[in-house]
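Next up, coords.txt (compact mmCIF, N, CA and C atoms):
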```txt
# COMPACT_ATOMS: atom_id res chain seq x y z
N MET L 183 0.85 -1.18 0.00
CA MET L 183 0.00 0.00 0.00
C MET L 183 0.89 1.25 0.00
N ASP L 184 0.51 2.23 -0.79
CA ASP L 184 1.33 3.44 -0.85
C ASP L 184 1.08 4.32 0.37
N LYS L 185 2.03 5.18 0.67
CA LYS L 185 1.91 6.07 1.82
C LYS L 185 0.96 7.22 1.49
N VAL L 186 0.15 7.57 2.48
CA VAL L 186 -0.73 8.73 2.36
C VAL L 186 -0.60 9.53 3.65
N GLY L 187 -1.26 10.67 3.67
CA GLY L 187 -1.27 11.47 4.87
C GLY L 187 0.07 12.13 5.15
N ALA L 188 0.32 12.44 6.42
CA ALA L 188 1.50 13.20 6.82
C ALA L 188 2.80 12.48 6.51
N ASP L 189 2.74 11.15 6.32
CA ASP L 189 3.95 10.40 6.04
C ASP L 189 4.34 10.45 4.57
N ALA L 190 3.42 10.77 3.71
CA ALA L 190 3.71 10.86 2.29
C ALA L 190 4.38 12.19 1.99
N PRO L 191 5.19 12.26 0.94
CA PRO L 191 5.91 13.50 0.64
C PRO L 191 5.00 14.71 0.49
N TYR L 192 3.86 14.57 -0.20
CA TYR L 192 2.98 15.72 -0.41
C TYR L 192 2.42 16.24 0.90
N TYR L 193 1.75 15.38 1.66
CA TYR L 193 1.14 15.82 2.91
C TYR L 193 2.19 16.14 3.97
N GLY L 194 3.30 15.46 3.91
CA GLY L 194 4.39 15.76 4.84
C GLY L 194 4.87 17.19 4.69
N ALA L 195 4.78 17.73 3.48
CA ALA L 195 5.20 19.11 3.26
C ALA L 195 4.34 20.07 4.06
N TYR L 196 3.06 19.80 4.22
CA TYR L 196 2.20 20.68 5.01
C TYR L 196 2.56 20.63 6.48
N GLU L 197 2.86 19.46 6.98
CA GLU L 197 3.29 19.36 8.38
C GLU L 197 4.58 20.14 8.58
N LYS L 198 5.51 20.03 7.63
CA LYS L 198 6.76 20.79 7.73
C LYS L 198 6.50 22.29 7.73
N ARG L 199 5.54 22.73 6.91
CA ARG L 199 5.22 24.17 6.85
C ARG L 199 4.62 24.65 8.16
N TYR L 200 3.68 23.92 8.71
CA TYR L 200 3.11 24.30 10.00
C TYR L 200 4.21 24.37 11.06
N SER L 201 5.03 23.34 11.11
CA SER L 201 6.11 23.30 12.11
C SER L 201 7.06 24.47 11.96
N ALA L 202 7.41 24.83 10.73
CA ALA L 202 8.32 25.96 10.49
C ALA L 202 7.70 27.28 10.94
N VAL L 203 6.42 27.45 10.66
CA VAL L 203 5.72 28.68 11.07
C VAL L 203 5.71 28.79 12.60
N TYR L 204 5.40 27.70 13.27
CA TYR L 204 5.35 27.72 14.74
C TYR L 204 6.75 27.92 15.33
N ALA L 205 7.74 27.29 14.72
CA ALA L 205 9.12 27.46 15.20
C ALA L 205 9.58 28.91 15.06
N ALA L 206 9.04 29.61 14.07
CA ALA L 206 9.41 31.02 13.87
C ALA L 206 8.67 31.94 14.84
N GLY L 207 7.76 31.37 15.64
CA GLY L 207 7.09 32.16 16.66
C GLY L 207 5.68 32.61 16.31
N ALA L 208 5.19 32.24 15.12
CA ALA L 208 3.82 32.63 14.75
C ALA L 208 2.83 31.68 15.42
N ARG L 209 1.70 32.19 15.80
CA ARG L 209 0.65 31.37 16.43
C ARG L 209 -0.20 30.67 15.37
N TYR L 210 -0.43 31.35 14.23
CA TYR L 210 -1.26 30.79 13.17
C TYR L 210 -0.58 30.97 11.82
N TRP L 211 -0.74 29.97 10.95
CA TRP L 211 -0.20 30.05 9.60
C TRP L 211 -1.20 30.74 8.69
N GLY L 212 -2.46 30.35 8.77
CA GLY L 212 -3.48 30.89 7.89
C GLY L 212 -4.01 32.22 8.39
N PHE L 213 -5.04 32.19 9.18
CA PHE L 213 -5.65 33.39 9.74
C PHE L 213 -5.99 33.09 11.19
N SER L 214 -6.16 34.13 11.97
CA SER L 214 -6.41 33.95 13.40
C SER L 214 -7.90 34.06 13.70
N PRO L 215 -8.33 33.58 14.87
CA PRO L 215 -9.74 33.64 15.24
C PRO L 215 -10.28 35.07 15.40
N ASP L 216 -9.41 36.05 15.43
CA ASP L 216 -9.87 37.44 15.56
C ASP L 216 -9.88 38.19 14.23
N ASN L 217 -9.88 37.46 13.12
CA ASN L 217 -9.94 38.07 11.79
C ASN L 217 -11.35 38.61 11.56
N SER L 218 -11.50 39.91 11.66
CA SER L 218 -12.84 40.52 11.60
C SER L 218 -13.49 40.38 10.22
N GLU L 219 -12.72 40.40 9.16
CA GLU L 219 -13.30 40.27 7.81
C GLU L 219 -13.94 38.89 7.63
N LEU L 220 -13.20 37.85 8.01
CA LEU L 220 -13.75 36.50 7.89
C LEU L 220 -14.92 36.31 8.85
N TYR L 221 -14.81 36.86 10.05
CA TYR L 221 -15.91 36.74 11.02
C TYR L 221 -17.19 37.32 10.43
N GLY L 222 -17.11 38.47 9.80
CA GLY L 222 -18.28 39.09 9.19
C GLY L 222 -18.89 38.23 8.10
N ILE L 223 -18.05 37.62 7.29
CA ILE L 223 -18.53 36.74 6.22
C ILE L 223 -19.23 35.52 6.82
N LEU L 224 -18.61 34.91 7.82
CA LEU L 224 -19.21 33.74 8.46
C LEU L 224 -20.48 34.11 9.22
N GLU L 225 -20.50 35.27 9.83
CA GLU L 225 -21.69 35.73 10.55
C GLU L 225 -22.88 35.84 9.59
N SER L 226 -22.65 36.41 8.42
CA SER L 226 -23.71 36.50 7.41
C SER L 226 -24.14 35.13 6.93
N TRP L 227 -23.18 34.24 6.68
CA TRP L 227 -23.47 32.90 6.19
C TRP L 227 -24.31 32.13 7.20
N VAL L 228 -23.94 32.21 8.48
CA VAL L 228 -24.69 31.52 9.54
C VAL L 228 -26.11 32.08 9.62
N ALA L 229 -26.23 33.39 9.61
CA ALA L 229 -27.56 34.02 9.72
C ALA L 229 -28.44 33.70 8.50
N GLU L 230 -27.89 33.84 7.31
CA GLU L 230 -28.66 33.61 6.08
C GLU L 230 -29.13 32.17 5.92
N ASN L 231 -28.39 31.25 6.52
CA ASN L 231 -28.71 29.83 6.36
C ASN L 231 -29.24 29.18 7.64
N GLY L 232 -29.51 29.99 8.66
CA GLY L 232 -30.07 29.46 9.90
C GLY L 232 -29.21 28.39 10.54
N LEU L 233 -27.92 28.61 10.63
CA LEU L 233 -27.00 27.57 11.09
C LEU L 233 -26.68 27.61 12.58
N ALA L 234 -27.14 28.62 13.30
CA ALA L 234 -26.92 28.63 14.76
C ALA L 234 -27.63 27.42 15.34
N GLY L 235 -26.89 26.68 16.17
CA GLY L 235 -27.44 25.46 16.76
C GLY L 235 -27.40 24.25 15.84
N ARG L 236 -26.84 24.40 14.65
CA ARG L 236 -26.77 23.31 13.66
C ARG L 236 -25.34 22.79 13.55
N HIS L 237 -25.21 21.59 13.02
CA HIS L 237 -23.90 20.94 12.86
C HIS L 237 -23.23 21.41 11.57
N VAL L 238 -22.03 21.98 11.72
CA VAL L 238 -21.28 22.51 10.58
C VAL L 238 -19.92 21.81 10.52
N LEU L 239 -19.56 21.35 9.34
CA LEU L 239 -18.29 20.67 9.11
C LEU L 239 -17.38 21.55 8.26
N GLU L 240 -16.13 21.69 8.70
CA GLU L 240 -15.13 22.38 7.88
C GLU L 240 -14.08 21.38 7.43
N PHE L 241 -13.92 21.27 6.12
CA PHE L 241 -12.89 20.41 5.54
C PHE L 241 -11.55 21.14 5.59
N ALA L 242 -10.48 20.40 5.86
CA ALA L 242 -9.14 20.98 5.91
C ALA L 242 -9.13 22.22 6.81
N CYS L 243 -9.52 22.02 8.06
CA CYS L 243 -9.75 23.12 8.99
C CYS L 243 -8.48 23.80 9.48
N GLY L 244 -7.32 23.23 9.22
CA GLY L 244 -6.09 23.86 9.69
C GLY L 244 -6.10 24.05 11.19
N GLU L 245 -5.86 25.26 11.62
CA GLU L 245 -5.66 25.54 13.05
C GLU L 245 -6.94 25.87 13.80
N GLY L 246 -8.08 25.74 13.15
CA GLY L 246 -9.36 25.88 13.83
C GLY L 246 -9.86 27.30 14.04
N ALA L 247 -9.26 28.28 13.38
CA ALA L 247 -9.69 29.67 13.58
C ALA L 247 -11.14 29.87 13.16
N ALA L 248 -11.53 29.36 12.00
CA ALA L 248 -12.92 29.49 11.56
C ALA L 248 -13.84 28.71 12.49
N GLY L 249 -13.35 27.62 13.02
CA GLY L 249 -14.14 26.84 13.97
C GLY L 249 -14.46 27.63 15.23
N ALA L 250 -13.49 28.41 15.70
CA ALA L 250 -13.74 29.26 16.86
C ALA L 250 -14.80 30.30 16.53
N MET L 251 -14.70 30.89 15.34
CA MET L 251 -15.69 31.89 14.93
C MET L 251 -17.08 31.27 14.82
N LEU L 252 -17.17 30.12 14.16
CA LEU L 252 -18.46 29.46 13.99
C LEU L 252 -19.05 29.03 15.33
N SER L 253 -18.20 28.58 16.21
CA SER L 253 -18.67 28.20 17.55
C SER L 253 -19.20 29.42 18.29
N LYS L 254 -18.50 30.52 18.18
CA LYS L 254 -18.94 31.77 18.80
C LYS L 254 -20.29 32.21 18.23
N LEU L 255 -20.52 31.89 16.97
CA LEU L 255 -21.78 32.24 16.31
C LEU L 255 -22.89 31.23 16.59
N GLY L 256 -22.60 30.22 17.42
CA GLY L 256 -23.62 29.28 17.85
C GLY L 256 -23.69 27.97 17.09
N CYS L 257 -22.76 27.72 16.19
CA CYS L 257 -22.75 26.47 15.44
C CYS L 257 -22.14 25.34 16.28
N ILE L 258 -22.53 24.12 15.97
CA ILE L 258 -21.90 22.93 16.56
C ILE L 258 -20.87 22.49 15.53
N TYR L 259 -19.62 22.77 15.82
CA TYR L 259 -18.54 22.71 14.83
C TYR L 259 -17.78 21.40 14.90
N THR L 260 -17.46 20.86 13.71
CA THR L 260 -16.50 19.77 13.56
C THR L 260 -15.54 20.18 12.46
N GLY L 261 -14.26 20.07 12.73
CA GLY L 261 -13.24 20.33 11.73
C GLY L 261 -12.45 19.06 11.48
N ALA L 262 -11.91 18.94 10.27
CA ALA L 262 -11.09 17.78 9.93
C ALA L 262 -9.86 18.25 9.17
N ASP L 263 -8.72 17.70 9.55
CA ASP L 263 -7.46 18.00 8.89
C ASP L 263 -6.52 16.83 9.15
N TYR L 264 -5.40 16.82 8.45
CA TYR L 264 -4.45 15.71 8.63
C TYR L 264 -3.14 16.12 9.29
N ALA L 265 -2.68 17.33 9.14
CA ALA L 265 -1.39 17.73 9.70
C ALA L 265 -1.45 17.69 11.23
N PRO L 266 -0.63 16.86 11.87
CA PRO L 266 -0.71 16.70 13.32
C PRO L 266 -0.56 18.01 14.10
N SER L 267 0.36 18.86 13.70
CA SER L 267 0.55 20.09 14.46
C SER L 267 -0.62 21.05 14.26
N ALA L 268 -1.24 21.05 13.09
CA ALA L 268 -2.43 21.88 12.86
C ALA L 268 -3.60 21.37 13.68
N VAL L 269 -3.79 20.07 13.73
CA VAL L 269 -4.87 19.48 14.52
C VAL L 269 -4.66 19.81 16.00
N GLU L 270 -3.44 19.71 16.46
CA GLU L 270 -3.14 20.05 17.86
C GLU L 270 -3.46 21.52 18.13
N ARG L 271 -3.05 22.41 17.23
CA ARG L 271 -3.33 23.84 17.41
C ARG L 271 -4.84 24.09 17.35
N ALA L 272 -5.55 23.39 16.46
CA ALA L 272 -7.01 23.54 16.37
C ALA L 272 -7.67 23.12 17.68
N ARG L 273 -7.20 22.06 18.27
CA ARG L 273 -7.78 21.61 19.55
C ARG L 273 -7.55 22.66 20.63
N GLU L 274 -6.39 23.29 20.63
CA GLU L 274 -6.12 24.39 21.57
C GLU L 274 -7.06 25.57 21.30
N THR L 275 -7.19 25.93 20.04
CA THR L 275 -8.03 27.06 19.64
C THR L 275 -9.48 26.83 20.02
N LEU L 276 -9.94 25.59 19.89
CA LEU L 276 -11.34 25.26 20.14
C LEU L 276 -11.63 24.85 21.59
N ALA L 277 -10.61 24.82 22.43
CA ALA L 277 -10.80 24.40 23.82
C ALA L 277 -11.90 25.17 24.55
N PRO L 278 -12.08 26.47 24.32
CA PRO L 278 -13.16 27.18 25.02
C PRO L 278 -14.58 26.79 24.56
N TYR L 279 -14.69 25.97 23.53
CA TYR L 279 -15.98 25.61 22.96
C TYR L 279 -16.19 24.10 23.09
N PRO L 280 -16.82 23.65 24.19
CA PRO L 280 -16.93 22.21 24.44
C PRO L 280 -17.66 21.42 23.37
N ALA L 281 -18.56 22.04 22.62
CA ALA L 281 -19.29 21.31 21.57
C ALA L 281 -18.46 21.15 20.30
N ALA L 282 -17.37 21.91 20.18
CA ALA L 282 -16.54 21.86 18.97
C ALA L 282 -15.56 20.69 19.06
N LYS L 283 -15.30 20.11 17.90
CA LYS L 283 -14.29 19.04 17.88
C LYS L 283 -13.53 19.08 16.57
N VAL L 284 -12.35 18.49 16.63
CA VAL L 284 -11.51 18.42 15.43
C VAL L 284 -11.03 16.98 15.30
N LEU L 285 -11.03 16.48 14.08
CA LEU L 285 -10.63 15.10 13.81
C LEU L 285 -9.41 15.09 12.90
N ARG L 286 -8.51 14.18 13.17
CA ARG L 286 -7.36 14.00 12.28
C ARG L 286 -7.71 12.89 11.30
N LEU L 287 -7.95 13.29 10.06
CA LEU L 287 -8.33 12.35 9.01
C LEU L 287 -7.60 12.68 7.72
N ASP L 288 -7.35 11.67 6.93
CA ASP L 288 -6.87 11.88 5.56
C ASP L 288 -8.11 12.01 4.70
N LEU L 289 -8.50 13.23 4.39
CA LEU L 289 -9.75 13.48 3.69
C LEU L 289 -9.76 12.98 2.24
N THR L 290 -8.61 12.56 1.74
CA THR L 290 -8.59 11.96 0.41
C THR L 290 -8.98 10.49 0.47
N ARG L 291 -8.99 9.92 1.69
CA ARG L 291 -9.28 8.49 1.83
C ARG L 291 -10.30 8.17 2.91
N GLU L 292 -10.55 9.10 3.82
CA GLU L 292 -11.43 8.82 4.95
C GLU L 292 -12.62 9.77 4.95
N ARG L 293 -13.75 9.26 5.39
CA ARG L 293 -14.96 10.08 5.52
C ARG L 293 -15.06 10.59 6.94
N VAL L 294 -15.63 11.78 7.06
CA VAL L 294 -15.90 12.33 8.38
C VAL L 294 -17.18 11.65 8.87
N PRO L 295 -17.12 11.03 10.06
CA PRO L 295 -18.33 10.37 10.56
C PRO L 295 -19.38 11.40 11.00
N GLY L 296 -20.62 11.04 10.83
CA GLY L 296 -21.69 11.90 11.30
C GLY L 296 -22.49 12.51 10.17
N THR L 297 -23.48 13.30 10.56
CA THR L 297 -24.35 13.99 9.63
C THR L 297 -24.25 15.48 9.94
N PHE L 298 -24.20 16.29 8.90
CA PHE L 298 -24.00 17.73 9.08
C PHE L 298 -25.05 18.51 8.30
N ASP L 299 -25.37 19.69 8.82
CA ASP L 299 -26.33 20.56 8.17
C ASP L 299 -25.68 21.45 7.12
N ALA L 300 -24.38 21.65 7.24
CA ALA L 300 -23.64 22.48 6.29
C ALA L 300 -22.17 22.09 6.35
N GLY L 301 -21.49 22.35 5.25
CA GLY L 301 -20.07 22.11 5.19
C GLY L 301 -19.40 23.27 4.50
N LEU L 302 -18.14 23.51 4.82
CA LEU L 302 -17.43 24.58 4.15
C LEU L 302 -15.95 24.27 4.03
N ASP L 303 -15.37 24.94 3.09
CA ASP L 303 -13.93 24.90 2.85
C ASP L 303 -13.49 26.35 2.74
N ILE L 304 -12.49 26.72 3.50
CA ILE L 304 -11.98 28.08 3.40
C ILE L 304 -10.64 28.11 2.69
N MET L 305 -9.74 27.23 3.09
CA MET L 305 -8.41 27.25 2.48
C MET L 305 -7.85 25.85 2.30
N GLY L 306 -8.69 24.85 1.94
CA GLY L 306 -8.15 23.53 1.98
C GLY L 306 -8.35 22.60 0.80
N PHE L 307 -9.49 22.64 0.13
CA PHE L 307 -9.73 21.64 -0.91
C PHE L 307 -8.62 21.61 -1.97
N HIS L 308 -8.12 22.74 -2.32
CA HIS L 308 -7.08 22.78 -3.36
C HIS L 308 -5.79 22.09 -2.90
N MET L 309 -5.68 21.83 -1.59
CA MET L 309 -4.49 21.15 -1.06
C MET L 309 -4.65 19.64 -1.02
N MET L 310 -5.83 19.14 -1.30
CA MET L 310 -6.10 17.72 -1.19
C MET L 310 -5.88 16.98 -2.50
N VAL L 311 -4.78 17.25 -3.13
CA VAL L 311 -4.43 16.60 -4.37
C VAL L 311 -3.27 15.66 -4.05
N THR L 312 -3.35 14.45 -4.53
CA THR L 312 -2.25 13.53 -4.24
C THR L 312 -1.28 13.47 -5.40
```

Show this structure as structure tokens.
Amino acid sequence: MDKVGADAPYYGAYEKRYSAVYAAGARYWGFSPDNSELYGILESWVAENGLAGRHVLEFACGEGAAGAMLSKLGCIYTGADYAPSAVERARETLAPYPAAKVLRLDLTRERVPGTFDAGLDIMGFHMMVT
């Protein structure tokens, strides 16, 4: 069986990038939970689609910043990503939100368990190429 996920050269590159960013002292590689522009966009999306109190899935969630925003907006959030350091950072970011969770999955080969009312991708689908 061929290697996939963080052990494969392609996905391993993302883990190396996260690790390098953190080693340089940055808290987030993508965007932070206090990004007001993204918060406004998500706030409108949640309101327009009646997603407060509903289950929302984010593919390739990275460090969980959008998950924190969605949780703050009342969504029941699940994020999925494969890079171990990003998943760890997402769990830290989402710690104040007990209903939020993050799963470490290879989204090119594994399905996210459960049923969701909405799903979104902010910065990830284009990275899921093998």

Next on the checklist: Between L:Leu302, L:Ala205, L:Ala234, L:Cys257, which residue has the minimum interatomic distance to Ala282 of chain L, considering all atoms listed in the file?
Outcome noted: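 The answer is L:Cys257, which sits nearest to Ala282 of chain L.
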
Next on the checklist: Show me, as a list in words, the residues that have an atom within 6 Å of Gly256 of chain L when counting only N, CA and C atoms, minus same-chain residues fewer than 5 positions from it.
Outcome noted: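 The contact residues come out as Leu233, Ala234, Gly235 and Arg236 of chain L.
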
Checklist entry - Could you name the residues that touch segment 283-287 of chain L at 8 Å or less, counting all atoms listed in the file, but leaving out those on the same chain fewer than 5 positions away, as JSON, numbers by chain? => result {"L": [187, 246, 249, 258, 259, 260, 261, 262, 263, 264, 265, 266, 269, 272, 273, 276, 292, 293, 294]}

Checklist outcome for this item: What separates atom C of Lys254 of chain L and atom C of Phe241 of chain L is a distance of 18.9 Å

Next on the checklist: DSSP on the backbone: which residues in chain L end up as strand (DSSP E or B)? Give the answer as JSON, numbers by chain.
Outcome noted: {"L": [237, 238, 239, 240, 241, 258, 259, 260, 261, 262, 263, 283, 284, 285, 286, 300, 301, 302, 303]}

Next on the checklist: Can you measure atom CA of Arg271 of chain L to atom CA of His237 of chain L for me? One decimal in Å is fine.
Outcome noted: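 Interatomic distance, atom CA of Arg271 of chain L to atom CA of His237 of chain L: 21.3 Å.
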
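Taking only N, CA and C atoms into account, Asp216 of chain L lies nearest to L:Ala250 out of the set L:Ala250, L:Met305, L:Ala300, L:Ala281.
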
Item to check | Closest of L:Glu270, L:Glu245, L:Glu240, L:Asp288 to Ile304 of chain L - atom-to-atom distances counting all atoms listed in the file | outcome: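 Answer, going by the shortest atom-to-atom distance: L:Glu240.
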
Checklist entry - atom C of Asn217 of chain L and atom CA of Lys198 of chain L are how many Å apart? => result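 Going from atom C of Asn217 of chain L over to atom CA of Lys198 of chain L covers 25.7 Å.
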
Item to check | Per-residue DSSP, chain L, filtered to alpha helix (DSSP H), as a ChimeraX atom specification | outcome: /L:191-205,218-230,247-254,266-276

Provide an axis-aligned box for all listed atoms of segment 291-308 of chain L, padding each side by 8 Å; report its centre and its edge lengths in Å to one decimal, as AutoDock Vina command-line options.
```
--center_x -16.1 --center_y 18.1 --center_z 4.0 --size_x 36.5 --size_y 35.9 --size_z 30.7
```

Item to check | Pick from L:Gly296, L:Val203, L:Ala247, L:Ala229 nearest to Glu274 of chain L, counting only C-alpha atoms | outcome: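 Using only C-alpha atoms, the shortest distance to Glu274 of chain L belongs to L:Ala247.
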
Item to check | Nearest candidate to Pro280 of chain L (options L:Thr297, L:Ser253, L:Ser267, L:Ser201; using only C-alpha atoms) | outcome: L:Ser253

Item to check | Best match for closeness to Phe298 of chain L among L:Ala248, L:Val228, L:Leu239, L:Ile223, counting only C-alpha atoms | outcome: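 Going through L:Ala248, L:Val228, L:Leu239, L:Ile223 one by one, the smallest distance to Phe298 of chain L is for L:Leu239.
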